[in-house]
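J.: entry.cif is reproduced in full below (mmCIF, C-alpha atoms and all ligand atoms).
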data_upload
loop_
_atom_site.label_atom_id
_atom_site.label_comp_id
_atom_site.auth_asym_id
_atom_site.auth_seq_id
_atom_site.Cartn_x
_atom_site.Cartn_y
_atom_site.Cartn_z
CA MET A 298 67.55 -81.25 63.92
CA LEU A 299 65.20 -83.02 61.53
CA LEU A 300 63.81 -85.82 63.72
CA HIS A 301 61.59 -86.85 60.82
CA ASP A 302 64.64 -87.97 58.83
CA GLU A 303 66.10 -90.26 61.51
CA SER A 304 66.21 -93.81 60.19
CA PRO A 305 64.21 -96.50 62.08
CA GLY A 306 67.44 -98.39 62.79
CA ALA A 307 69.08 -95.31 64.35
CA VAL A 308 65.98 -94.57 66.45
CA GLU A 309 65.81 -98.13 67.75
CA SER A 310 69.47 -98.46 68.59
CA ARG A 311 69.53 -95.10 70.41
CA GLU A 312 66.49 -96.20 72.44
CA HIS A 313 67.99 -99.57 73.30
CA SER A 314 70.98 -97.86 74.88
CA SER A 315 69.16 -94.93 76.50
CA ILE A 316 65.52 -95.68 77.35
CA LEU A 317 64.51 -97.70 80.39
CA GLY A 318 62.90 -100.98 79.33
CA THR A 319 59.34 -100.46 80.52
CA TYR A 320 57.86 -101.05 77.05
CA GLY A 321 58.06 -104.00 74.68
CA ARG A 322 57.86 -101.81 71.59
CA THR A 323 56.73 -103.03 68.16
CA ALA A 324 59.08 -102.15 65.29
CA PHE A 325 56.65 -99.64 63.80
CA HIS A 326 57.74 -96.06 63.13
CA PRO A 327 54.77 -93.78 62.41
CA ARG A 328 56.01 -90.38 61.28
CA SER A 329 52.98 -88.54 59.93
CA GLY A 330 49.24 -88.91 59.58
CA SER A 331 46.12 -87.63 57.89
CA GLY A 332 42.57 -88.43 58.98
CA ALA A 333 42.62 -92.06 60.14
CA ARG A 334 45.78 -92.88 58.17
CA LEU A 335 49.31 -93.12 59.48
CA PHE A 336 52.47 -93.11 57.36
CA ASP A 337 55.67 -94.79 58.51
CA ALA A 338 59.27 -93.74 58.02
CA ALA A 339 59.32 -95.40 54.58
CA GLY A 340 56.10 -93.63 53.55
CA LYS A 341 53.95 -96.77 53.76
CA ALA A 342 50.29 -96.01 54.63
CA TYR A 343 48.32 -97.73 57.41
CA TRP A 344 44.74 -97.52 58.58
CA ASP A 345 44.90 -96.69 62.26
CA LEU A 346 42.46 -98.79 64.31
CA LEU A 347 44.14 -97.99 67.63
CA ALA A 348 44.36 -94.16 67.73
CA GLY A 349 47.33 -94.13 70.11
CA ILE A 350 45.26 -96.35 72.49
CA ALA A 351 42.07 -94.24 72.32
CA VAL A 352 43.85 -90.86 72.37
CA ASN A 353 43.64 -89.59 68.78
CA ALA A 354 39.85 -89.51 68.50
CA LEU A 355 39.97 -86.89 65.73
CA GLY A 356 42.68 -88.73 63.83
CA TYR A 357 45.64 -86.81 62.44
CA GLY A 358 45.98 -83.29 61.10
CA HIS A 359 42.46 -82.27 62.05
CA PRO A 360 42.02 -78.60 61.07
CA SER A 361 40.36 -77.72 64.39
CA LEU A 362 43.41 -78.91 66.35
CA GLU A 363 45.87 -77.37 63.91
CA ALA A 364 44.13 -73.98 64.24
CA VAL A 365 44.54 -74.08 68.04
CA LEU A 366 48.20 -75.10 67.75
CA ASP A 367 49.00 -72.33 65.23
CA GLU A 368 47.47 -69.67 67.42
CA ALA A 369 48.73 -71.03 70.74
CA SER A 370 52.36 -70.98 69.60
CA LYS A 371 52.23 -67.21 70.13
CA GLY A 372 50.77 -67.46 73.65
CA LEU A 373 51.88 -68.82 77.03
CA LEU A 374 52.65 -72.54 76.94
CA HIS A 375 52.48 -72.92 80.72
CA VAL A 376 50.75 -70.99 83.48
CA SER A 377 51.20 -72.13 87.08
CA ASN A 378 48.15 -73.38 88.92
CA LEU A 379 48.93 -70.62 91.43
CA PHE A 380 47.43 -68.24 88.85
CA TYR A 381 44.54 -67.98 86.39
CA HIS A 382 44.20 -68.58 82.67
CA PRO A 383 40.90 -68.69 80.77
CA ALA A 384 41.04 -72.14 79.17
CA GLN A 385 40.62 -74.29 82.31
CA GLY A 386 37.31 -72.71 83.33
CA LEU A 387 35.98 -72.76 79.77
CA LEU A 388 36.79 -76.46 79.35
CA ALA A 389 35.39 -77.25 82.81
CA GLU A 390 32.10 -75.54 81.91
CA ARG A 391 31.88 -77.55 78.71
CA LEU A 392 32.54 -80.84 80.52
CA LEU A 393 30.05 -80.04 83.28
CA ALA A 394 27.37 -79.27 80.70
CA LEU A 395 27.70 -82.90 79.56
CA THR A 396 27.09 -84.24 83.09
CA HIS A 397 25.00 -83.74 86.24
CA LEU A 398 28.16 -82.84 88.24
CA SER A 399 29.46 -79.50 89.46
CA SER A 400 33.25 -79.05 89.38
CA VAL A 401 36.40 -80.28 87.70
CA PHE A 402 40.01 -80.93 88.72
CA PHE A 403 42.48 -81.08 85.82
CA CYS A 404 45.56 -83.30 85.79
CA ASN A 405 47.74 -84.89 83.10
CA SER A 406 46.80 -88.55 82.72
CA GLY A 407 44.36 -91.31 83.50
CA THR A 408 46.29 -92.67 86.43
CA GLU A 409 46.51 -89.21 87.98
CA ALA A 410 42.78 -88.74 87.55
CA ASN A 411 42.07 -91.99 89.42
CA GLU A 412 44.70 -91.20 92.04
CA ALA A 413 42.93 -87.89 92.70
CA ALA A 414 39.52 -89.59 92.79
CA LEU A 415 40.84 -92.02 95.42
CA LYS A 416 42.03 -89.12 97.56
CA PHE A 417 38.80 -87.15 97.09
CA ALA A 418 36.80 -90.20 98.21
CA ARG A 419 38.89 -90.33 101.42
CA LEU A 420 38.10 -86.65 102.03
CA ARG A 421 34.41 -87.23 101.50
CA ASN A 422 34.31 -90.36 103.66
CA PRO A 423 36.90 -89.85 106.42
CA GLY A 424 37.76 -93.03 108.31
CA ARG A 425 36.37 -95.25 105.53
CA SER A 426 39.27 -96.79 103.64
CA GLY A 427 37.62 -99.72 101.86
CA VAL A 428 37.38 -99.66 98.08
CA VAL A 429 35.51 -102.07 95.84
CA ALA A 430 37.02 -102.59 92.39
CA LEU A 431 36.75 -105.22 89.67
CA GLU A 432 38.91 -108.21 88.81
CA GLU A 433 40.79 -107.58 85.55
CA SER A 434 40.18 -103.82 85.81
CA PHE A 435 42.82 -101.29 84.80
CA HIS A 436 43.04 -97.88 86.45
CA GLY A 437 46.71 -96.95 85.99
CA ARG A 438 50.28 -97.57 87.10
CA THR A 439 50.88 -95.20 90.02
CA MET A 440 50.61 -96.80 93.46
CA GLY A 441 47.04 -95.73 94.25
CA SER A 442 45.61 -96.52 90.83
CA LEU A 443 47.62 -99.75 90.67
CA SER A 444 46.02 -100.72 93.99
CA LEU A 445 42.64 -100.51 92.22
CA THR A 446 43.85 -102.48 89.21
CA GLY A 447 42.64 -106.07 89.30
CA HIS A 448 45.38 -107.68 87.26
CA ASP A 449 47.92 -109.66 89.30
CA ALA A 450 50.76 -109.44 86.79
CA TYR A 451 50.80 -105.64 87.10
CA ARG A 452 50.44 -105.65 90.88
CA ALA A 453 52.65 -108.50 92.10
CA PRO A 454 56.11 -106.89 91.76
CA PHE A 455 54.99 -103.84 93.74
CA LEU A 456 53.25 -105.30 96.77
CA PRO A 457 52.31 -104.11 99.31
CA LEU A 458 49.97 -101.60 97.70
CA VAL A 459 47.27 -99.40 99.25
CA GLU A 460 45.28 -101.65 101.57
CA GLY A 461 41.55 -102.23 101.75
CA VAL A 462 40.75 -102.87 98.08
CA ARG A 463 38.36 -105.74 97.48
CA PHE A 464 38.11 -107.15 93.97
CA ILE A 465 34.91 -108.69 92.70
CA GLU A 466 33.90 -110.38 89.48
CA PRO A 467 32.71 -107.95 86.78
CA ASN A 468 28.94 -108.07 86.29
CA SER A 469 28.31 -110.14 89.44
CA VAL A 470 25.60 -108.25 91.32
CA ALA A 471 25.73 -110.81 94.13
CA GLU A 472 29.46 -110.23 94.73
CA LEU A 473 28.92 -106.48 94.57
CA GLU A 474 26.16 -106.64 97.17
CA ALA A 475 28.37 -108.73 99.45
CA ALA A 476 31.35 -106.38 99.09
CA VAL A 477 29.90 -102.86 99.46
CA SER A 478 29.30 -101.75 103.06
CA GLU A 479 29.32 -98.73 105.37
CA GLU A 480 33.13 -99.13 105.41
CA THR A 481 33.40 -98.60 101.66
CA SER A 482 34.77 -95.25 100.65
CA ALA A 483 34.36 -95.76 96.89
CA ILE A 484 33.38 -98.19 94.15
CA PHE A 485 35.66 -97.88 91.11
CA LEU A 486 34.59 -99.29 87.75
CA GLU A 487 35.12 -98.84 84.02
CA PRO A 488 31.71 -98.93 82.27
CA ILE A 489 33.46 -100.69 79.36
CA MET A 490 36.60 -102.44 80.63
CA GLY A 491 39.27 -101.81 78.00
CA GLU A 492 42.46 -103.51 79.14
CA ALA A 493 40.46 -106.51 80.35
CA GLY A 494 39.66 -107.26 76.70
CA VAL A 495 36.69 -104.92 76.12
CA ILE A 496 34.12 -106.12 78.62
CA PRO A 497 31.01 -103.92 78.82
CA LEU A 498 29.44 -103.82 82.28
CA SER A 499 25.74 -104.69 82.22
CA VAL A 500 23.03 -102.11 82.87
CA GLU A 501 21.89 -104.25 85.82
CA PHE A 502 25.38 -104.24 87.36
CA LEU A 503 25.89 -100.49 86.90
CA GLN A 504 22.48 -99.78 88.41
CA ALA A 505 23.23 -102.05 91.37
CA ALA A 506 26.54 -100.19 91.92
CA SER A 507 24.70 -96.88 91.87
CA ARG A 508 22.03 -98.13 94.30
CA LEU A 509 24.57 -99.60 96.74
CA ALA A 510 26.68 -96.45 96.64
CA ALA A 511 23.62 -94.34 97.48
CA GLN A 512 22.56 -96.71 100.29
CA THR A 513 25.98 -96.85 101.98
CA GLY A 514 27.35 -93.38 101.22
CA ALA A 515 30.20 -94.84 99.14
CA LEU A 516 31.16 -92.77 96.10
CA LEU A 517 30.60 -94.35 92.71
CA VAL A 518 33.60 -93.54 90.49
CA CYS A 519 33.24 -94.22 86.76
CA ASP A 520 36.65 -94.46 85.11
CA GLU A 521 35.88 -93.18 81.62
CA VAL A 522 39.54 -92.75 80.70
CA GLN A 523 39.30 -95.21 77.79
CA CYS A 524 35.58 -95.53 77.05
CA GLY A 525 34.59 -91.87 77.63
CA LEU A 526 34.21 -88.76 75.46
CA GLY A 527 32.30 -90.37 72.63
CA ARG A 528 34.03 -93.70 72.14
CA SER A 529 30.96 -95.68 73.23
CA GLY A 530 28.68 -93.66 70.93
CA ALA A 531 27.55 -91.50 73.87
CA TRP A 532 29.59 -88.88 75.71
CA PHE A 533 30.12 -91.39 78.52
CA GLY A 534 30.02 -95.17 78.71
CA TYR A 535 27.83 -95.14 81.82
CA GLN A 536 25.03 -93.16 80.15
CA GLU A 537 23.33 -96.16 78.59
CA SER A 538 22.51 -97.40 82.09
CA GLY A 539 20.88 -94.16 83.27
CA ILE A 540 23.03 -93.97 86.43
CA GLU A 541 24.59 -90.78 87.81
CA PRO A 542 28.10 -91.48 89.18
CA ASP A 543 29.54 -89.32 91.96
CA ILE A 544 32.88 -88.94 90.18
CA ILE A 545 33.93 -89.33 86.53
CA THR A 546 37.60 -89.66 85.55
CA LEU A 547 38.75 -88.77 82.03
CA ALA A 548 41.99 -88.53 80.07
CA LYS A 549 43.08 -90.15 76.79
CA PRO A 550 41.20 -88.20 74.04
CA LEU A 551 40.57 -85.09 76.14
CA GLY A 552 43.72 -83.14 75.22
CA GLY A 553 43.59 -83.86 71.48
CA GLY A 554 46.92 -85.70 71.76
CA LEU A 555 48.52 -83.65 74.54
CA PRO A 556 48.47 -84.98 78.13
CA LEU A 557 45.30 -83.90 79.91
CA GLY A 558 43.17 -85.67 82.52
CA ALA A 559 40.10 -84.56 84.44
CA VAL A 560 38.19 -85.54 87.56
CA ILE A 561 34.58 -84.38 87.53
CA VAL A 562 32.89 -84.29 90.92
CA GLY A 563 29.61 -83.29 92.57
CA ARG A 564 28.66 -80.68 95.18
CA GLU A 565 29.40 -82.96 98.13
CA LEU A 566 33.08 -82.79 97.22
CA GLN A 567 33.12 -79.04 96.67
CA SER A 568 32.49 -78.56 100.38
CA VAL A 569 35.32 -80.85 101.58
CA VAL A 570 38.20 -80.18 99.17
CA ARG A 571 40.40 -77.29 100.38
CA PRO A 572 43.50 -75.57 98.89
CA GLY A 573 46.51 -77.80 99.53
CA HIS A 574 44.59 -81.09 99.55
CA HIS A 575 45.69 -81.89 96.03
CA GLY A 576 47.48 -80.28 93.09
CA THR A 577 49.77 -80.60 90.09
CA THR A 578 52.32 -78.41 88.30
CA PHE A 579 51.25 -79.18 84.76
CA GLY A 580 47.60 -80.27 85.08
CA GLY A 581 45.17 -78.10 83.12
CA ASN A 582 47.90 -76.72 80.88
CA PRO A 583 46.55 -73.82 78.72
CA LEU A 584 47.38 -75.45 75.39
CA ALA A 585 46.01 -78.88 76.38
CA CYS A 586 42.78 -77.26 77.63
CA ARG A 587 42.36 -75.27 74.42
CA LEU A 588 42.84 -78.47 72.44
CA GLY A 589 40.26 -80.07 74.75
CA LEU A 590 37.76 -77.37 73.82
CA ALA A 591 38.46 -78.02 70.14
CA VAL A 592 37.98 -81.78 70.65
CA LEU A 593 34.55 -81.26 72.28
CA ASP A 594 33.51 -78.65 69.65
CA THR A 595 34.50 -80.95 66.81
CA ILE A 596 32.72 -84.00 68.23
CA GLU A 597 29.59 -81.85 68.45
CA GLN A 598 29.89 -79.95 65.18
CA GLU A 599 30.75 -82.99 63.08
CA GLY A 600 28.01 -85.13 64.65
CA LEU A 601 30.63 -87.69 65.68
CA LEU A 602 28.54 -89.30 68.44
CA ASP A 603 25.91 -90.31 65.88
CA LYS A 604 28.63 -91.46 63.52
CA VAL A 605 30.37 -93.56 66.19
CA ASN A 606 27.01 -95.06 67.10
CA SER A 607 25.92 -96.07 63.63
CA LEU A 608 29.36 -97.09 62.36
CA GLY A 609 29.92 -99.04 65.59
CA ALA A 610 26.62 -100.90 65.23
CA TRP A 611 27.53 -101.81 61.66
CA LEU A 612 31.08 -102.89 62.67
CA GLY A 613 29.71 -105.04 65.51
CA GLN A 614 27.46 -106.83 63.02
CA GLU A 615 30.35 -107.33 60.58
CA LEU A 616 32.50 -108.80 63.36
CA GLU A 617 29.66 -111.12 64.40
CA ASN A 618 29.39 -112.27 60.77
CA LEU A 619 33.14 -112.87 60.73
CA ALA A 620 32.87 -114.88 63.94
CA ALA A 621 30.14 -117.01 62.38
CA HIS A 622 32.63 -118.05 59.67
CA HIS A 623 35.77 -118.43 61.79
CA SER A 624 35.79 -120.79 64.73
CA SER A 625 39.03 -119.17 65.98
CA ILE A 626 36.90 -116.15 67.06
CA VAL A 627 35.59 -117.05 70.51
CA ALA A 628 33.69 -113.82 71.24
CA VAL A 629 33.08 -110.31 69.92
CA ARG A 630 32.37 -107.62 72.52
CA GLY A 631 31.98 -103.87 72.51
CA ARG A 632 30.03 -100.79 71.60
CA GLY A 633 30.58 -97.68 69.47
CA LEU A 634 34.17 -97.71 68.24
CA MET A 635 35.53 -99.89 71.06
CA TRP A 636 35.64 -103.58 70.17
CA GLY A 637 37.41 -106.68 71.44
CA ILE A 638 37.75 -109.79 69.27
CA GLU A 639 38.62 -112.72 71.50
CA LEU A 640 40.51 -115.49 69.73
CA ASP A 641 41.39 -119.06 70.68
CA VAL A 642 45.02 -118.28 69.85
CA GLU A 643 47.51 -115.60 70.90
CA ALA A 644 46.47 -112.20 69.52
CA LYS A 645 49.96 -110.65 69.07
CA PRO A 646 50.99 -112.61 65.92
CA ILE A 647 47.64 -111.75 64.31
CA ALA A 648 48.14 -108.06 65.20
CA THR A 649 51.66 -108.23 63.71
CA GLU A 650 50.34 -109.73 60.49
CA LEU A 651 47.66 -107.02 60.34
CA LEU A 652 50.39 -104.41 60.72
CA HIS A 653 52.28 -105.97 57.81
CA ARG A 654 49.09 -105.64 55.80
CA GLY A 655 48.66 -101.97 56.71
CA PHE A 656 46.33 -102.03 59.76
CA VAL A 657 47.34 -100.84 63.21
CA VAL A 658 45.36 -102.66 65.94
CA GLY A 659 45.86 -103.25 69.65
CA THR A 660 45.70 -106.33 71.81
CA ALA A 661 44.41 -106.89 75.33
CA ARG A 662 45.43 -109.74 77.59
CA GLU A 663 46.75 -112.73 75.66
CA ARG A 664 44.01 -113.45 73.19
CA VAL A 665 42.04 -110.31 72.41
CA LEU A 666 42.46 -108.02 69.42
CA ARG A 667 41.38 -104.54 70.49
CA LEU A 668 39.99 -101.92 68.13
CA LEU A 669 39.88 -98.25 69.16
CA PRO A 670 39.89 -96.37 65.84
CA PRO A 671 39.66 -92.59 65.51
CA TYR A 672 36.04 -91.39 65.28
CA VAL A 673 36.85 -90.01 61.82
CA ILE A 674 37.60 -93.45 60.35
CA THR A 675 35.65 -94.43 57.25
CA ARG A 676 33.46 -97.46 56.75
CA GLY A 677 35.66 -98.40 53.78
CA ALA A 678 38.70 -98.67 56.05
CA LEU A 679 36.82 -100.90 58.49
CA GLU A 680 35.49 -103.05 55.63
CA ALA A 681 39.06 -103.55 54.41
CA PHE A 682 40.14 -104.49 57.95
CA VAL A 683 37.37 -107.07 58.34
CA TRP A 684 38.32 -108.63 55.02
CA GLU A 685 42.04 -108.83 55.87
CA LEU A 686 41.35 -110.28 59.31
CA GLY A 687 39.11 -112.95 57.76
CA ASP A 688 41.85 -113.77 55.27
CA ILE A 689 44.49 -114.05 57.99
CA LEU A 690 42.28 -116.31 60.13
CA SER A 691 41.46 -118.55 57.13
CA THR A 692 45.13 -118.86 56.20
CA ALA A 693 46.14 -119.54 59.79
CA ALA A 694 43.37 -122.16 60.06
CA ASN A 695 44.93 -123.89 57.03
CA GLY A 696 48.13 -124.29 59.02
CA GLN A 697 50.22 -121.54 57.42
CA ALA A 698 52.65 -119.85 59.82
CA LEU A 699 52.45 -116.15 60.74
CA PRO A 700 53.68 -113.66 59.63
CA MET A 701 52.72 -114.33 56.02
CA LYS A 702 53.75 -111.05 54.39
CA ALA A 703 57.04 -109.20 54.66
CA THR A 704 56.87 -105.49 55.55
CA ALA A 705 56.84 -103.43 52.34
N1 LIG A 801 41.99 -96.03 83.31
C1 LIG A 801 41.72 -96.70 82.20
C2 LIG A 801 40.35 -97.27 82.01
C3 LIG A 801 42.69 -96.87 81.21
O1 LIG A 801 42.41 -97.56 80.09
C4 LIG A 801 43.98 -96.31 81.42
C5 LIG A 801 45.04 -96.49 80.43
O2 LIG A 801 44.98 -97.31 79.55
C6 LIG A 801 44.21 -95.62 82.61
C7 LIG A 801 43.20 -95.48 83.52
C8 LIG A 801 45.57 -95.02 82.87
O3 LIG A 801 45.74 -93.92 82.03
P1 LIG A 801 47.20 -93.29 81.80
O4 LIG A 801 47.97 -94.28 81.01
O5 LIG A 801 46.93 -92.01 81.06
O6 LIG A 801 47.78 -93.06 83.15
#
Starting from the file, give its structure as structure tokens.
T.:
Amino acid sequence: MLLHDESPGAVESREHSSILGTYGRTAFHPRSGSGARLFDAAGKAYWDLLAGIAVNALGYGHPSLEAVLDEASKGLLHVSNLFYHPAQGLLAERLLALTHLSSVFFCNSGTEANEAALKFARLRNPGRSGVVALEESFHGRTMGSLSLTGHDAYRAPFLPLVEGVRFIEPNSVAELEAAVSEETSAIFLEPIMGEAGVIPLSVEFLQAASRLAAQTGALLVCDEVQCGLGRSGAWFGYQESGIEPDIITLAKPLGGGLPLGAVIVGRELQSVVRPGHHGTTFGGNPLACRLGLAVLDTIEQEGLLDKVNSLGAWLGQELENLAAHHSSIVAVRGRGLMWGIELDVEAKPIATELLHRGFVVGTARERVLRLLPPYVITRGALEAFVWELGDILSTAANGQALPMKATA
């Protein structure tokens, strides 16, 4: 069956009658890609500034991932976690070498990684069920991770959730100091809050969280699912602050496009986690772990951290310049290749117009355009994006309705 040849109309109508309505999908049908470019069902090319929401860090068709896939097709696609295969340990060693921590648990997704971290914190701090998390945070959709997610719209239909979570304002050291106590089992935070509209936590706030965790015995959990593995221009978003979290959770780019999550923990957890405390059928799948090794190798070998850093600094400046000329841009926030452009209007119609013009971008909350391009994107592509966005904002400011261009 040639799925590639299915028409967009046929795909959409089959979905409407067969797929549960958890997503409000955009009528965009990417079918192939190369580097940071995507091609839709009609062959139209797009610059991808979203990377599957921070998953496709190496873009599309990267030779290092293709080599793993070619070879792995002849091997075992699944090995039970009852048994051994080499790739988990190799990937764990590579991840540990990037941190000060000492062991890894592999799962399949970001929400599972945070779910596991929540359980591990209970094991480390028995009898302490309090958790401090941030307003507007996002940690996932399963009940535990949703309990840590500080966005009412996601939580309200599913109450009651796990009890004992206290939400505080991001970057408020005073609220943090008031909230963390000897009853706190863990502090959960995203060093750069993605779904909140790209809000970087301040060095002062991260350091206060680290200090309070050490003073009270609470575990500091850095959710690096979106901002980790190079997106910030460093391996981890917390690194700029010099802190050492007790647990790091990872997912999105780790498996090179296949589902793979990881929880990285320190020695204090090694001594309390026992067989049977936690587990997963698919987590740490051999193919996903081998792709993970290729992702880390490629980021290193192609100097992508330096590239993300310098290109990100340049992009930040370009976006600031754009903001200086367009009063509809309220704020520009971010680091590396993770940027939020907050507007004084709804972001979705602007994102739709950008799509018509050949640029895939994300949104966050109502009014933020979110950029999470693959690390392999070129400066030329970003220059073209900045120009088009400026043009759209100027035209919209002149009162013209969106969308302005029909899809080619
Ligand atoms: N944590 C953060 C910071 C995220 O951005 C996300 C997803 O966007 C998650 C957790 C949940 O990850 P997943 O969708 O893989 O469960």
J.: Please identify all polymer residues within 8 Å of Ser444 of chain A, counting only C-alpha atoms, omitting same-chain residues fewer than 4 positions from it, and present them as a compact mmCIF listing (two decimals) with C-alpha atoms, in the frame of the given file.
T.:
# COMPACT_ATOMS: atom_id res chain seq x y z
CA MET A 440 50.61 -96.80 93.46
CA ARG A 452 50.44 -105.65 90.88
CA LEU A 458 49.97 -101.60 97.70
CA VAL A 459 47.27 -99.40 99.25
CA GLU A 460 45.28 -101.65 101.57
CA VAL A 462 40.75 -102.87 98.08
J.: Which residues, written as a list in words, have at least one atom at most 8 Å from Ala493 of chain A, with all atoms listed in the file counted and residues fewer than 6 positions away on the same chain left out?
T.: Glu433, Ser434, Phe435, Ala661 and Arg662 of chain A
J.: Show me which residues line ligand LIG 801 (chain A), defined as having an atom within 8 Å of a ligand atom where only C-alpha atoms and all ligand atoms count, and present them as a PyMOL selection string.
T.: chain A and resi 350+405-411+434-439+442+487+490-492+520-524+548-549+556+558
J.: If we count only C-alpha atoms and set the cut-off at 10 Å, which residues sit around Gly494 of chain A, ignoring sequence neighbours fewer than 3 positions away in its own chain? Please answer as an mmCIF file with C-alpha atoms, in the coordinates of the input.
T.:
data_model
loop_
_atom_site.group_PDB
_atom_site.id
_atom_site.type_symbol
_atom_site.label_atom_id
_atom_site.label_comp_id
_atom_site.auth_asym_id
_atom_site.auth_seq_id
_atom_site.Cartn_x
_atom_site.Cartn_y
_atom_site.Cartn_z
ATOM 1 C CA GLU A 433 40.790 -107.580 85.550
ATOM 2 C CA SER A 434 40.180 -103.820 85.810
ATOM 3 C CA ILE A 489 33.460 -100.690 79.360
ATOM 4 C CA MET A 490 36.600 -102.440 80.630
ATOM 5 C CA GLY A 491 39.270 -101.810 78.000
ATOM 6 C CA PRO A 497 31.010 -103.920 78.820
ATOM 7 C CA VAL A 629 33.080 -110.310 69.920
ATOM 8 C CA ARG A 630 32.370 -107.620 72.520
ATOM 9 C CA GLY A 631 31.980 -103.870 72.510
ATOM 10 C CA TRP A 636 35.640 -103.580 70.170
ATOM 11 C CA GLY A 637 37.410 -106.680 71.440
ATOM 12 C CA ILE A 638 37.750 -109.790 69.270
ATOM 13 C CA GLU A 639 38.620 -112.720 71.500
ATOM 14 C CA THR A 660 45.700 -106.330 71.810
ATOM 15 C CA ALA A 661 44.410 -106.890 75.330
ATOM 16 C CA ARG A 662 45.430 -109.740 77.590
ATOM 17 C CA GLU A 663 46.750 -112.730 75.660
ATOM 18 C CA ARG A 664 44.010 -113.450 73.190
ATOM 19 C CA VAL A 665 42.040 -110.310 72.410
ATOM 20 C CA LEU A 666 42.460 -108.020 69.420
ATOM 21 C CA ARG A 667 41.380 -104.540 70.490
#
J.: Can you pull out every residue within 8 Å of Gln504 of chain A, counting all atoms listed in the file, but drop anything in the same chain fewer than 4 positions away, and send it as a PyMOL selection string?
T.: chain A and resi 500+508+538-540
J.: Using all atoms listed in the file, which protein or nucleic acid residues come within 9 Å of Glu680 of chain A? Drop anything in the same chain fewer than 5 positions from it, and give the result as a list of chain:residue names.
T.: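 So, after excluding close chain neighbours, the residues are A:Leu612, A:Glu615, A:Thr675, A:Glu685.
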J.: Using only C-alpha atoms for the distances, tell me which of A:Glu309, A:Glu565, A:Glu412, A:Glu617 is nearest to Phe325 of chain A.
T.: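 So, comparing all the options, the nearest one is A:Glu309.
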J.: Go ahead and compute the interatomic distance for atom CA of Gly581 of chain A and atom CA of Leu374 of chain A, in Å to one decimal.
T.: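 Rounded to one decimal, the two atoms are 11.2 Å apart.
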J.: Pick from A:Leu415, A:Leu503, A:Leu431, A:Ala559: nearest to Ala476 of chain A, with all atoms listed in the file counted?
T.: A:Leu431
J.: Quick one: segment 670-679 of chain A with N, CA, C and O atoms, as a PDB file, keeping the file's coordinate frame?
T.:
ATOM      1  N   PRO A 670      39.512 -97.269  66.935  1.00  0.00           N
ATOM      2  CA  PRO A 670      39.890 -96.370  65.840  1.00  0.00           C
ATOM      3  C   PRO A 670      39.488 -94.922  66.119  1.00  0.00           C
ATOM      4  O   PRO A 670      38.612 -94.667  66.950  1.00  0.00           O
ATOM      5  N   PRO A 671      40.115 -93.974  65.411  1.00  0.00           N
ATOM      6  CA  PRO A 671      39.660 -92.590  65.510  1.00  0.00           C
ATOM      7  C   PRO A 671      38.203 -92.490  65.070  1.00  0.00           C
ATOM      8  O   PRO A 671      37.757 -93.267  64.216  1.00  0.00           O
ATOM      9  N   TYR A 672      37.469 -91.534  65.629  1.00  0.00           N
ATOM     10  CA  TYR A 672      36.040 -91.390  65.280  1.00  0.00           C
ATOM     11  C   TYR A 672      35.869 -90.990  63.809  1.00  0.00           C
ATOM     12  O   TYR A 672      34.781 -91.114  63.267  1.00  0.00           O
ATOM     13  N   VAL A 673      36.953 -90.475  63.206  1.00  0.00           N
ATOM     14  CA  VAL A 673      36.850 -90.010  61.820  1.00  0.00           C
ATOM     15  C   VAL A 673      37.114 -91.134  60.812  1.00  0.00           C
ATOM     16  O   VAL A 673      37.129 -90.889  59.605  1.00  0.00           O
ATOM     17  N   ILE A 674      37.294 -92.353  61.291  1.00  0.00           N
ATOM     18  CA  ILE A 674      37.600 -93.450  60.350  1.00  0.00           C
ATOM     19  C   ILE A 674      36.407 -93.694  59.424  1.00  0.00           C
ATOM     20  O   ILE A 674      35.246 -93.430  59.792  1.00  0.00           O
ATOM     21  N   THR A 675      36.716 -94.190  58.228  1.00  0.00           N
ATOM     22  CA  THR A 675      35.650 -94.430  57.250  1.00  0.00           C
ATOM     23  C   THR A 675      35.191 -95.894  57.315  1.00  0.00           C
ATOM     24  O   THR A 675      35.925 -96.776  57.750  1.00  0.00           O
ATOM     25  N   ARG A 676      33.977 -96.095  56.825  1.00  0.00           N
ATOM     26  CA  ARG A 676      33.460 -97.460  56.750  1.00  0.00           C
ATOM     27  C   ARG A 676      34.312 -98.311  55.804  1.00  0.00           C
ATOM     28  O   ARG A 676      34.559 -99.490  56.042  1.00  0.00           O
ATOM     29  N   GLY A 677      34.803 -97.682  54.740  1.00  0.00           N
ATOM     30  CA  GLY A 677      35.660 -98.400  53.780  1.00  0.00           C
ATOM     31  C   GLY A 677      36.893 -98.982  54.456  1.00  0.00           C
ATOM     32  O   GLY A 677      37.295-100.116  54.174  1.00  0.00           O
ATOM     33  N   ALA A 678      37.492 -98.202  55.362  1.00  0.00           N
ATOM     34  CA  ALA A 678      38.700 -98.670  56.050  1.00  0.00           C
ATOM     35  C   ALA A 678      38.357 -99.872  56.925  1.00  0.00           C
ATOM     36  O   ALA A 678      39.103-100.858  56.987  1.00  0.00           O
ATOM     37  N   LEU A 679      37.213 -99.802  57.593  1.00  0.00           N
ATOM     38  CA  LEU A 679      36.820-100.900  58.490  1.00  0.00           C
ATOM     39  C   LEU A 679      36.446-102.146  57.680  1.00  0.00           C
ATOM     40  O   LEU A 679      36.741-103.274  58.088  1.00  0.00           O
TER      41      LEU A 679
END
